[in-house]
$ cat run01.cif   # mmCIF, C-alpha atoms
data_upload
loop_
_atom_site.label_atom_id
_atom_site.label_comp_id
_atom_site.auth_asym_id
_atom_site.auth_seq_id
_atom_site.Cartn_x
_atom_site.Cartn_y
_atom_site.Cartn_z
CA MET A 1 -101.81 88.02 -45.17
CA ALA A 2 -101.75 85.46 -42.33
CA ARG A 3 -104.75 83.60 -43.69
CA ARG A 4 -103.20 83.42 -47.16
CA ARG A 5 -99.89 82.18 -45.70
CA TYR A 6 -101.69 79.47 -43.71
CA ARG A 7 -103.74 78.36 -46.69
CA ALA A 8 -100.69 78.36 -48.95
CA ALA A 9 -98.80 76.21 -46.46
CA ARG A 10 -101.68 73.74 -46.23
CA VAL A 11 -101.91 73.17 -49.97
CA GLY A 12 -98.16 72.86 -50.42
CA ILE A 13 -97.55 76.21 -52.11
CA PRO A 14 -94.20 77.70 -51.03
CA LEU A 15 -94.44 80.59 -48.62
CA PRO A 16 -93.31 84.03 -49.80
CA SER A 17 -89.68 84.83 -48.99
CA GLU A 18 -90.30 88.43 -47.95
CA PRO A 19 -91.05 89.11 -44.27
CA VAL A 20 -94.59 89.74 -43.11
CA PRO A 21 -95.09 93.51 -42.64
CA GLN A 22 -95.20 94.65 -39.02
CA GLN A 23 -98.36 96.31 -37.78
CA LYS A 24 -97.67 99.88 -36.68
CA ASP A 25 -99.94 100.14 -33.67
CA GLY A 26 -100.61 96.46 -33.17
CA ASP A 27 -103.90 94.67 -33.13
CA ARG A 28 -104.34 93.97 -29.43
CA GLU A 29 -107.83 92.50 -29.75
CA GLY A 30 -106.74 90.29 -32.63
CA GLU A 31 -103.67 89.13 -30.70
CA LEU A 32 -105.82 88.35 -27.67
CA GLN A 33 -108.22 86.27 -29.78
CA VAL A 34 -105.32 84.35 -31.36
CA ARG A 35 -103.81 83.65 -27.91
CA LEU A 36 -107.12 82.47 -26.47
CA THR A 37 -107.83 80.28 -29.49
CA ALA A 38 -104.36 78.71 -29.40
CA GLN A 39 -104.68 78.06 -25.65
CA SER A 40 -108.10 76.51 -26.13
CA ILE A 41 -106.91 74.18 -28.89
CA LEU A 42 -103.82 73.17 -26.92
CA THR A 43 -105.57 72.50 -23.62
CA ALA A 44 -108.40 70.59 -25.31
CA ARG A 45 -105.79 68.22 -26.77
CA LEU A 46 -104.24 67.67 -23.33
CA ARG A 47 -107.49 66.49 -21.66
CA ASP A 48 -107.94 62.76 -21.22
CA ASP A 49 -111.62 62.23 -20.49
CA ARG A 50 -111.33 58.47 -19.87
CA PRO A 51 -112.07 57.42 -16.28
CA ALA A 52 -108.77 57.06 -14.39
CA ASP A 53 -109.39 53.38 -13.63
CA GLN A 54 -110.03 52.60 -17.33
CA ARG A 55 -107.16 54.46 -19.02
CA SER A 56 -105.18 51.27 -19.56
CA THR A 57 -108.12 49.44 -21.18
CA LEU A 58 -110.08 52.09 -23.08
CA PRO A 59 -108.61 53.76 -26.16
CA ALA A 60 -107.97 57.48 -25.86
CA ALA A 61 -110.12 59.88 -27.86
CA PRO A 62 -108.52 60.80 -31.20
CA THR A 63 -108.35 64.43 -30.07
CA PHE A 64 -106.16 63.58 -27.03
CA TRP A 65 -102.43 63.97 -27.60
CA GLU A 66 -101.23 61.19 -25.33
CA GLY A 67 -97.63 61.48 -24.11
CA MET A 68 -97.37 65.17 -25.02
CA GLY A 69 -94.73 67.35 -23.42
CA LEU A 70 -95.29 71.07 -23.09
CA ASN A 71 -92.86 73.98 -23.23
CA LEU A 72 -94.52 77.34 -22.67
CA SER A 73 -91.45 79.12 -21.30
CA GLY A 74 -91.89 82.88 -21.33
CA ALA A 75 -95.48 82.64 -22.57
CA THR A 76 -98.25 84.98 -21.47
CA LEU A 77 -101.22 82.76 -20.69
CA ILE A 78 -104.61 84.33 -20.13
CA ASP A 79 -107.12 82.53 -17.90
CA PHE A 80 -105.21 79.34 -18.69
CA SER A 81 -107.21 76.16 -18.06
CA MET A 82 -105.40 72.84 -18.04
CA THR A 83 -107.90 71.21 -15.67
CA ASN A 84 -107.77 67.41 -16.11
CA GLY A 85 -104.82 67.85 -18.45
CA HIS A 86 -102.23 65.08 -18.81
CA VAL A 87 -98.70 65.92 -19.91
CA THR A 88 -95.26 64.40 -19.61
CA GLU A 89 -92.73 67.15 -18.92
CA ALA A 90 -94.17 70.66 -18.58
CA ILE A 91 -92.02 73.77 -18.72
CA PHE A 92 -93.59 77.07 -17.68
CA ASN A 93 -90.36 78.89 -16.76
CA LYS A 94 -90.85 82.69 -16.80
CA ALA A 95 -94.46 82.23 -17.93
CA THR A 96 -97.00 84.85 -16.88
CA PHE A 97 -100.39 83.50 -15.86
CA SER A 98 -102.70 86.49 -16.31
CA GLY A 99 -106.06 85.97 -14.66
CA SER A 100 -106.65 82.45 -13.36
CA ALA A 101 -104.34 79.50 -13.86
CA TRP A 102 -106.55 76.42 -13.62
CA LEU A 103 -104.31 73.35 -13.18
CA ALA A 104 -106.76 71.44 -10.98
CA GLU A 105 -106.63 67.65 -11.38
CA ALA A 106 -103.77 68.03 -13.88
CA THR A 107 -101.28 65.16 -14.10
CA PHE A 108 -97.59 65.70 -14.76
CA THR A 109 -95.88 62.34 -15.39
CA GLU A 110 -92.40 63.86 -15.68
CA ASN A 111 -90.95 67.09 -14.28
CA ALA A 112 -92.99 70.28 -14.03
CA TRP A 113 -91.01 73.52 -14.09
CA PHE A 114 -92.55 76.84 -13.00
CA ASN A 115 -89.28 78.67 -12.25
CA LYS A 116 -89.74 82.47 -12.22
CA ALA A 117 -93.39 82.08 -13.29
CA THR A 118 -95.85 84.78 -12.23
CA PHE A 119 -99.36 83.90 -11.06
CA GLU A 120 -102.37 86.14 -10.42
CA SER A 121 -104.67 83.35 -9.23
CA ALA A 122 -103.57 79.71 -9.22
CA TRP A 123 -105.66 76.57 -8.75
CA PHE A 124 -103.71 73.31 -8.35
CA THR A 125 -106.38 71.39 -6.41
CA GLY A 126 -105.83 67.66 -6.94
CA ALA A 127 -102.85 68.14 -9.28
CA THR A 128 -100.51 65.14 -9.40
CA PHE A 129 -96.76 65.43 -9.84
CA HIS A 130 -95.05 62.09 -10.46
CA LYS A 131 -91.56 63.59 -10.40
CA THR A 132 -90.13 67.02 -9.56
CA ALA A 133 -92.17 70.21 -9.43
CA GLN A 134 -89.97 73.30 -9.31
CA LEU A 135 -91.18 76.78 -8.53
CA GLY A 136 -87.84 78.54 -8.00
CA ALA A 137 -88.45 82.29 -7.71
CA ALA A 138 -92.10 81.93 -8.81
CA VAL A 139 -94.18 84.90 -7.68
CA VAL A 140 -97.83 85.52 -6.84
CA VAL A 141 -99.07 88.97 -7.88
CA ASP A 142 -101.90 89.11 -5.34
CA PRO A 143 -101.35 86.90 -2.29
CA ALA A 144 -104.86 87.75 -1.06
CA ALA A 145 -106.51 86.35 -4.22
CA ASN A 146 -108.02 82.89 -4.13
CA HIS A 147 -105.36 80.22 -4.63
CA ALA A 148 -105.37 76.45 -4.23
CA TRP A 149 -101.88 75.00 -3.87
CA PRO A 150 -100.99 71.30 -3.82
CA ASP A 151 -100.15 69.73 -0.48
CA GLY A 152 -96.78 70.92 0.75
CA TRP A 153 -96.78 74.20 -1.21
CA ARG A 154 -97.13 77.50 0.57
CA LEU A 155 -96.88 81.19 -0.09
CA ILE A 156 -94.10 83.03 1.73
CA ALA A 157 -94.86 86.68 2.51
CA PRO A 158 -93.78 89.45 2.09
CA ASN A 159 -91.95 88.58 -1.12
CA ARG A 160 -94.91 86.53 -2.47
CA MET A 161 -92.67 83.62 -3.45
CA ILE A 162 -94.08 80.12 -3.72
CA SER A 163 -92.21 77.49 -1.79
CA VAL A 164 -92.36 73.72 -1.79
CA VAL A 165 -92.15 72.34 1.73
CA VAL A 166 -90.68 68.85 2.10
#
$ encode --input "run01.cif" --output "structure tokens"
Amino acid sequence: MARRRYRAARVGIPLPSEPVPQQKDGDREGELQVRLTAQSILTARLRDDRPADQRSTLPAAPTFWEGMGLNLSGATLIDFSMTNGHVTEAIFNKATFSGSAWLAEATFTENAWFNKATFESAWFTGATFHKTAQLGAAVVVDPAANHAWPDGWRLIAPNRMISVVV
């Protein structure tokens, strides 16, 4: 049904008015594949592969969504990789990062919100925040796991909260 709905929408055929039937037991593997595919498409569009010193002179690749904001509040992100990603405002409030959260070398030109986010393993090595980065009540599931926080961030035990030190 989903494929037919997508195809119908692409060719301009009106979508059916009745709701899509719910799956009784769920298709966990199918849902996982959809999540991973959506994440892959999104993060690929957020990567700017131009050398940093040539971004003002070279045109961006057509696949790069320059100036994109991101709101993934409440999302469950699985082995999320936004390495070398460039976004304006990013909102990850109440997001769950299952597995690794790769945000190394990411650039946030506006505010980055991670309030009440949950991390299993976070990598922020070389991330740049041009404005505010908030991690109010963000939690790390396994403080002993490998993590790489930006300068000035630290993990406060025993409650596993992330804190920004000024």
$ atom_distance --input "run01.cif" --atom1 "atom CA of A:Trp102" --atom2 "atom CA of A:Ala75"
15.5 Å
$ residues_around --input "run01.cif" --residues "A:Ser81" --least-positions-apart "6" --cutoff "7 Å" --atoms "all atoms listed in the file" --output "ChimeraX atom specification"
/A:43,101-103
$ write_last_selection --input "run01.cif" --atoms "C-alpha atoms" --output "short mmCIF file (atom, residue, chain, number, x, y, z; two decimals), in the frame of the given file"
data_model
loop_
_atom_site.label_atom_id
_atom_site.label_comp_id
_atom_site.auth_asym_id
_atom_site.auth_seq_id
_atom_site.Cartn_x
_atom_site.Cartn_y
_atom_site.Cartn_z
CA THR A 43 -105.57 72.50 -23.62
CA ALA A 101 -104.34 79.50 -13.86
CA TRP A 102 -106.55 76.42 -13.62
CA LEU A 103 -104.31 73.35 -13.18
#
$ atom_distance --input "run01.cif" --atom1 "atom CA of A:Arg28" --atom2 "atom CA of A:Gly69"
28.9 Å
$ resolve_selection --input "run01.cif" --expression "the PyMOL selection byres ((chain A and resi 98) around 10)" --output "PyMOL selection string"
chain A and resi 76-80+95-97+99-101+118-122+141
$ closest_residue --input "run01.cif" --among "A:Ala61, A:Leu135, A:Ala52, A:Ala145" --to "A:Asn93" --atoms "only C-alpha atoms"
A:Leu135
$ resolve_selection --input "run01.cif" --expression "the PyMOL selection byres ((chain A and resi 44) around 10)" --output "number ranges by chain"
A: 38-43, 45-48, 63-65, 81-85
$ write_last_selection --input "run01.cif" --atoms "C-alpha atoms" --output "short mmCIF file (atom, residue, chain, number, x, y, z; two decimals), in the coordinates of the input"
data_model
loop_
_atom_site.label_atom_id
_atom_site.label_comp_id
_atom_site.auth_asym_id
_atom_site.auth_seq_id
_atom_site.Cartn_x
_atom_site.Cartn_y
_atom_site.Cartn_z
CA ALA A 38 -104.36 78.71 -29.40
CA GLN A 39 -104.68 78.06 -25.65
CA SER A 40 -108.10 76.51 -26.13
CA ILE A 41 -106.91 74.18 -28.89
CA LEU A 42 -103.82 73.17 -26.92
CA THR A 43 -105.57 72.50 -23.62
CA ARG A 45 -105.79 68.22 -26.77
CA LEU A 46 -104.24 67.67 -23.33
CA ARG A 47 -107.49 66.49 -21.66
CA ASP A 48 -107.94 62.76 -21.22
CA THR A 63 -108.35 64.43 -30.07
CA PHE A 64 -106.16 63.58 -27.03
CA TRP A 65 -102.43 63.97 -27.60
CA SER A 81 -107.21 76.16 -18.06
CA MET A 82 -105.40 72.84 -18.04
CA THR A 83 -107.90 71.21 -15.67
CA ASN A 84 -107.77 67.41 -16.11
CA GLY A 85 -104.82 67.85 -18.45
#
$ residues_around --input "run01.cif" --residues "A:Ala60" --least-positions-apart "5" --cutoff "8 Å" --atoms "only C-alpha atoms" --output "ChimeraX atom specification"
/A:48,50,55,66
$ write_last_selection --input "run01.cif" --atoms "C-alpha atoms" --output "PDB file, in the frame of the given file"
ATOM      1  CA  ASP A  48    -107.940  62.760 -21.220  1.00  0.00           C
ATOM      2  CA  ARG A  50    -111.330  58.470 -19.870  1.00  0.00           C
ATOM      3  CA  ARG A  55    -107.160  54.460 -19.020  1.00  0.00           C
ATOM      4  CA  GLU A  66    -101.230  61.190 -25.330  1.00  0.00           C
TER       5      GLU A  66
END
$ resolve_selection --input "run01.cif" --expression "the PyMOL selection byres ((chain A and resi 92) around 7)" --output "PyMOL selection string"
chain A and resi 71-73+90-91+93-95+113-114+117
$ residues_around --input "run01.cif" --residues "A:Thr128" --least-positions-apart "6" --cutoff "8 Å" --atoms "only C-alpha atoms" --output "number ranges by chain"
A: 105-108
$ residues_around --input "run01.cif" --residues "A:Thr88" --least-positions-apart "6" --cutoff "8 Å" --atoms "only C-alpha atoms" --output "PyMOL selection string"
chain A and resi 67-70+108-111
$ write_last_selection --input "run01.cif" --atoms "C-alpha atoms" --output "PDB file, in the frame of the given file"
ATOM      1  CA  GLY A  67     -97.630  61.480 -24.110  1.00  0.00           C
ATOM      2  CA  MET A  68     -97.370  65.170 -25.020  1.00  0.00           C
ATOM      3  CA  GLY A  69     -94.730  67.350 -23.420  1.00  0.00           C
ATOM      4  CA  LEU A  70     -95.290  71.070 -23.090  1.00  0.00           C
ATOM      5  CA  PHE A 108     -97.590  65.700 -14.760  1.00  0.00           C
ATOM      6  CA  THR A 109     -95.880  62.340 -15.390  1.00  0.00           C
ATOM      7  CA  GLU A 110     -92.400  63.860 -15.680  1.00  0.00           C
ATOM      8  CA  ASN A 111     -90.950  67.090 -14.280  1.00  0.00           C
TER       9      ASN A 111
END
$ atom_distance --input "run01.cif" --atom1 "atom CA of A:Val34" --atom2 "atom CA of A:Glu89"
24.7 Å
$ closest_residue --input "run01.cif" --among "A:His86, A:Thr57, A:Asp27, A:Ala148" --to "A:Phe129" --atoms "all atoms listed in the file"
A:His86
$ decode --input "run01.cif" --residues "stretch 57-92 of chain A" --atoms "N, CA, C and O atoms" --output "PDB file, in the first residue's frame"
ATOM      1  N   THR A  57      33.787  30.249  -2.651  1.00  0.00           N
ATOM      2  CA  THR A  57      34.091  30.406  -4.075  1.00  0.00           C
ATOM      3  C   THR A  57      33.608  29.255  -4.944  1.00  0.00           C
ATOM      4  O   THR A  57      33.268  29.463  -6.101  1.00  0.00           O
ATOM      5  N   LEU A  58      33.584  28.049  -4.403  1.00  0.00           N
ATOM      6  CA  LEU A  58      33.123  26.896  -5.172  1.00  0.00           C
ATOM      7  C   LEU A  58      31.616  26.701  -4.991  1.00  0.00           C
ATOM      8  O   LEU A  58      31.095  26.889  -3.897  1.00  0.00           O
ATOM      9  N   PRO A  59      30.917  26.315  -6.054  1.00  0.00           N
ATOM     10  CA  PRO A  59      29.493  26.012  -5.877  1.00  0.00           C
ATOM     11  C   PRO A  59      29.322  24.711  -5.100  1.00  0.00           C
ATOM     12  O   PRO A  59      30.143  23.798  -5.191  1.00  0.00           O
ATOM     13  N   ALA A  60      28.250  24.647  -4.333  1.00  0.00           N
ATOM     14  CA  ALA A  60      27.950  23.428  -3.579  1.00  0.00           C
ATOM     15  C   ALA A  60      27.453  22.353  -4.545  1.00  0.00           C
ATOM     16  O   ALA A  60      26.898  22.656  -5.610  1.00  0.00           O
ATOM     17  N   ALA A  61      27.643  21.119  -4.162  1.00  0.00           N
ATOM     18  CA  ALA A  61      27.121  20.001  -4.955  1.00  0.00           C
ATOM     19  C   ALA A  61      25.600  20.094  -4.975  1.00  0.00           C
ATOM     20  O   ALA A  61      24.989  20.538  -4.001  1.00  0.00           O
ATOM     21  N   PRO A  62      24.967  19.678  -6.071  1.00  0.00           N
ATOM     22  CA  PRO A  62      23.506  19.762  -6.146  1.00  0.00           C
ATOM     23  C   PRO A  62      22.798  18.922  -5.075  1.00  0.00           C
ATOM     24  O   PRO A  62      21.658  19.189  -4.740  1.00  0.00           O
ATOM     25  N   THR A  63      23.481  17.936  -4.530  1.00  0.00           N
ATOM     26  CA  THR A  63      22.863  17.088  -3.507  1.00  0.00           C
ATOM     27  C   THR A  63      22.899  17.723  -2.118  1.00  0.00           C
ATOM     28  O   THR A  63      22.217  17.251  -1.214  1.00  0.00           O
ATOM     29  N   PHE A  64      23.680  18.780  -1.933  1.00  0.00           N
ATOM     30  CA  PHE A  64      23.811  19.430  -0.623  1.00  0.00           C
ATOM     31  C   PHE A  64      22.687  20.437  -0.429  1.00  0.00           C
ATOM     32  O   PHE A  64      22.463  21.307  -1.264  1.00  0.00           O
ATOM     33  N   TRP A  65      21.971  20.299   0.676  1.00  0.00           N
ATOM     34  CA  TRP A  65      20.882  21.222   1.006  1.00  0.00           C
ATOM     35  C   TRP A  65      21.435  22.353   1.857  1.00  0.00           C
ATOM     36  O   TRP A  65      21.337  22.341   3.076  1.00  0.00           O
ATOM     37  N   GLU A  66      22.019  23.331   1.211  1.00  0.00           N
ATOM     38  CA  GLU A  66      22.637  24.447   1.924  1.00  0.00           C
ATOM     39  C   GLU A  66      21.591  25.251   2.689  1.00  0.00           C
ATOM     40  O   GLU A  66      20.492  25.486   2.194  1.00  0.00           O
ATOM     41  N   GLY A  67      21.932  25.651   3.919  1.00  0.00           N
ATOM     42  CA  GLY A  67      21.036  26.462   4.731  1.00  0.00           C
ATOM     43  C   GLY A  67      19.900  25.685   5.365  1.00  0.00           C
ATOM     44  O   GLY A  67      18.930  26.273   5.843  1.00  0.00           O
ATOM     45  N   MET A  68      20.009  24.382   5.429  1.00  0.00           N
ATOM     46  CA  MET A  68      18.935  23.530   5.955  1.00  0.00           C
ATOM     47  C   MET A  68      18.926  23.552   7.473  1.00  0.00           C
ATOM     48  O   MET A  68      19.956  23.426   8.119  1.00  0.00           O
ATOM     49  N   GLY A  69      17.743  23.708   8.040  1.00  0.00           N
ATOM     50  CA  GLY A  69      17.531  23.520   9.466  1.00  0.00           C
ATOM     51  C   GLY A  69      17.048  22.094   9.681  1.00  0.00           C
ATOM     52  O   GLY A  69      16.614  21.425   8.750  1.00  0.00           O
ATOM     53  N   LEU A  70      17.106  21.640  10.915  1.00  0.00           N
ATOM     54  CA  LEU A  70      16.787  20.250  11.197  1.00  0.00           C
ATOM     55  C   LEU A  70      15.995  20.176  12.492  1.00  0.00           C
ATOM     56  O   LEU A  70      16.412  20.730  13.495  1.00  0.00           O
ATOM     57  N   ASN A  71      14.845  19.523  12.459  1.00  0.00           N
ATOM     58  CA  ASN A  71      14.080  19.303  13.684  1.00  0.00           C
ATOM     59  C   ASN A  71      13.771  17.814  13.784  1.00  0.00           C
ATOM     60  O   ASN A  71      12.895  17.303  13.094  1.00  0.00           O
ATOM     61  N   LEU A  72      14.514  17.136  14.635  1.00  0.00           N
ATOM     62  CA  LEU A  72      14.323  15.709  14.869  1.00  0.00           C
ATOM     63  C   LEU A  72      13.920  15.472  16.322  1.00  0.00           C
ATOM     64  O   LEU A  72      14.311  14.480  16.945  1.00  0.00           O
ATOM     65  N   SER A  73      13.125  16.378  16.860  1.00  0.00           N
ATOM     66  CA  SER A  73      12.634  16.251  18.234  1.00  0.00           C
ATOM     67  C   SER A  73      11.891  14.938  18.408  1.00  0.00           C
ATOM     68  O   SER A  73      11.045  14.584  17.591  1.00  0.00           O
ATOM     69  N   GLY A  74      12.234  14.206  19.458  1.00  0.00           N
ATOM     70  CA  GLY A  74      11.551  12.965  19.780  1.00  0.00           C
ATOM     71  C   GLY A  74      11.890  11.793  18.878  1.00  0.00           C
ATOM     72  O   GLY A  74      11.356  10.704  19.055  1.00  0.00           O
ATOM     73  N   ALA A  75      12.777  11.979  17.927  1.00  0.00           N
ATOM     74  CA  ALA A  75      13.113  10.911  16.987  1.00  0.00           C
ATOM     75  C   ALA A  75      13.978   9.845  17.652  1.00  0.00           C
ATOM     76  O   ALA A  75      14.724  10.124  18.586  1.00  0.00           O
ATOM     77  N   THR A  76      13.874   8.630  17.159  1.00  0.00           N
ATOM     78  CA  THR A  76      14.800   7.563  17.524  1.00  0.00           C
ATOM     79  C   THR A  76      15.758   7.424  16.357  1.00  0.00           C
ATOM     80  O   THR A  76      15.344   7.082  15.254  1.00  0.00           O
ATOM     81  N   LEU A  77      17.019   7.733  16.610  1.00  0.00           N
ATOM     82  CA  LEU A  77      18.041   7.727  15.565  1.00  0.00           C
ATOM     83  C   LEU A  77      19.005   6.586  15.853  1.00  0.00           C
ATOM     84  O   LEU A  77      19.500   6.450  16.971  1.00  0.00           O
ATOM     85  N   ILE A  78      19.259   5.774  14.858  1.00  0.00           N
ATOM     86  CA  ILE A  78      20.038   4.557  15.037  1.00  0.00           C
ATOM     87  C   ILE A  78      21.370   4.703  14.321  1.00  0.00           C
ATOM     88  O   ILE A  78      21.419   4.901  13.110  1.00  0.00           O
ATOM     89  N   ASP A  79      22.465   4.632  15.102  1.00  0.00           N
ATOM     90  CA  ASP A  79      23.807   4.829  14.544  1.00  0.00           C
ATOM     91  C   ASP A  79      23.807   6.038  13.612  1.00  0.00           C
ATOM     92  O   ASP A  79      24.203   5.964  12.453  1.00  0.00           O
ATOM     93  N   PHE A  80      23.370   7.153  14.148  1.00  0.00           N
ATOM     94  CA  PHE A  80      23.187   8.403  13.399  1.00  0.00           C
ATOM     95  C   PHE A  80      24.543   9.012  13.060  1.00  0.00           C
ATOM     96  O   PHE A  80      25.373   9.234  13.927  1.00  0.00           O
ATOM     97  N   SER A  81      24.772   9.304  11.785  1.00  0.00           N
ATOM     98  CA  SER A  81      26.041   9.878  11.353  1.00  0.00           C
ATOM     99  C   SER A  81      25.811  11.188  10.618  1.00  0.00           C
ATOM    100  O   SER A  81      25.341  11.198   9.484  1.00  0.00           O
ATOM    101  N   MET A  82      26.137  12.279  11.313  1.00  0.00           N
ATOM    102  CA  MET A  82      26.080  13.599  10.689  1.00  0.00           C
ATOM    103  C   MET A  82      27.487  14.191  10.619  1.00  0.00           C
ATOM    104  O   MET A  82      27.683  15.393  10.662  1.00  0.00           O
ATOM    105  N   THR A  83      28.486  13.319  10.509  1.00  0.00           N
ATOM    106  CA  THR A  83      29.874  13.759  10.393  1.00  0.00           C
ATOM    107  C   THR A  83      30.015  14.663   9.177  1.00  0.00           C
ATOM    108  O   THR A  83      29.518  14.353   8.101  1.00  0.00           O
ATOM    109  N   ASN A  84      30.673  15.802   9.369  1.00  0.00           N
ATOM    110  CA  ASN A  84      30.855  16.827   8.328  1.00  0.00           C
ATOM    111  C   ASN A  84      29.542  17.445   7.869  1.00  0.00           C
ATOM    112  O   ASN A  84      29.494  18.061   6.808  1.00  0.00           O
ATOM    113  N   GLY A  85      28.496  17.288   8.655  1.00  0.00           N
ATOM    114  CA  GLY A  85      27.217  17.889   8.301  1.00  0.00           C
ATOM    115  C   GLY A  85      27.210  19.380   8.598  1.00  0.00           C
ATOM    116  O   GLY A  85      27.912  19.852   9.487  1.00  0.00           O
ATOM    117  N   HIS A  86      26.426  20.130   7.828  1.00  0.00           N
ATOM    118  CA  HIS A  86      26.288  21.576   8.011  1.00  0.00           C
ATOM    119  C   HIS A  86      24.808  21.899   8.063  1.00  0.00           C
ATOM    120  O   HIS A  86      24.087  21.655   7.095  1.00  0.00           O
ATOM    121  N   VAL A  87      24.368  22.440   9.200  1.00  0.00           N
ATOM    122  CA  VAL A  87      22.970  22.817   9.360  1.00  0.00           C
ATOM    123  C   VAL A  87      22.895  24.197   9.999  1.00  0.00           C
ATOM    124  O   VAL A  87      23.851  24.663  10.615  1.00  0.00           O
ATOM    125  N   THR A  88      21.742  24.823   9.840  1.00  0.00           N
ATOM    126  CA  THR A  88      21.507  26.072  10.564  1.00  0.00           C
ATOM    127  C   THR A  88      21.079  25.661  11.966  1.00  0.00           C
ATOM    128  O   THR A  88      21.877  25.149  12.706  1.00  0.00           O
ATOM    129  N   GLU A  89      19.830  25.842  12.308  1.00  0.00           N
ATOM    130  CA  GLU A  89      19.355  25.423  13.630  1.00  0.00           C
ATOM    131  C   GLU A  89      19.088  23.920  13.618  1.00  0.00           C
ATOM    132  O   GLU A  89      18.535  23.385  12.661  1.00  0.00           O
ATOM    133  N   ALA A  90      19.479  23.250  14.701  1.00  0.00           N
ATOM    134  CA  ALA A  90      19.252  21.810  14.836  1.00  0.00           C
ATOM    135  C   ALA A  90      18.544  21.552  16.152  1.00  0.00           C
ATOM    136  O   ALA A  90      18.996  22.007  17.203  1.00  0.00           O
ATOM    137  N   ILE A  91      17.435  20.837  16.080  1.00  0.00           N
ATOM    138  CA  ILE A  91      16.655  20.544  17.279  1.00  0.00           C
ATOM    139  C   ILE A  91      16.565  19.027  17.440  1.00  0.00           C
ATOM    140  O   ILE A  91      15.965  18.343  16.618  1.00  0.00           O
ATOM    141  N   PHE A  92      17.200  18.539  18.495  1.00  0.00           N
ATOM    142  CA  PHE A  92      17.195  17.116  18.828  1.00  0.00           C
ATOM    143  C   PHE A  92      16.580  16.899  20.212  1.00  0.00           C
ATOM    144  O   PHE A  92      16.913  15.955  20.905  1.00  0.00           O
TER     145      PHE A  92
END
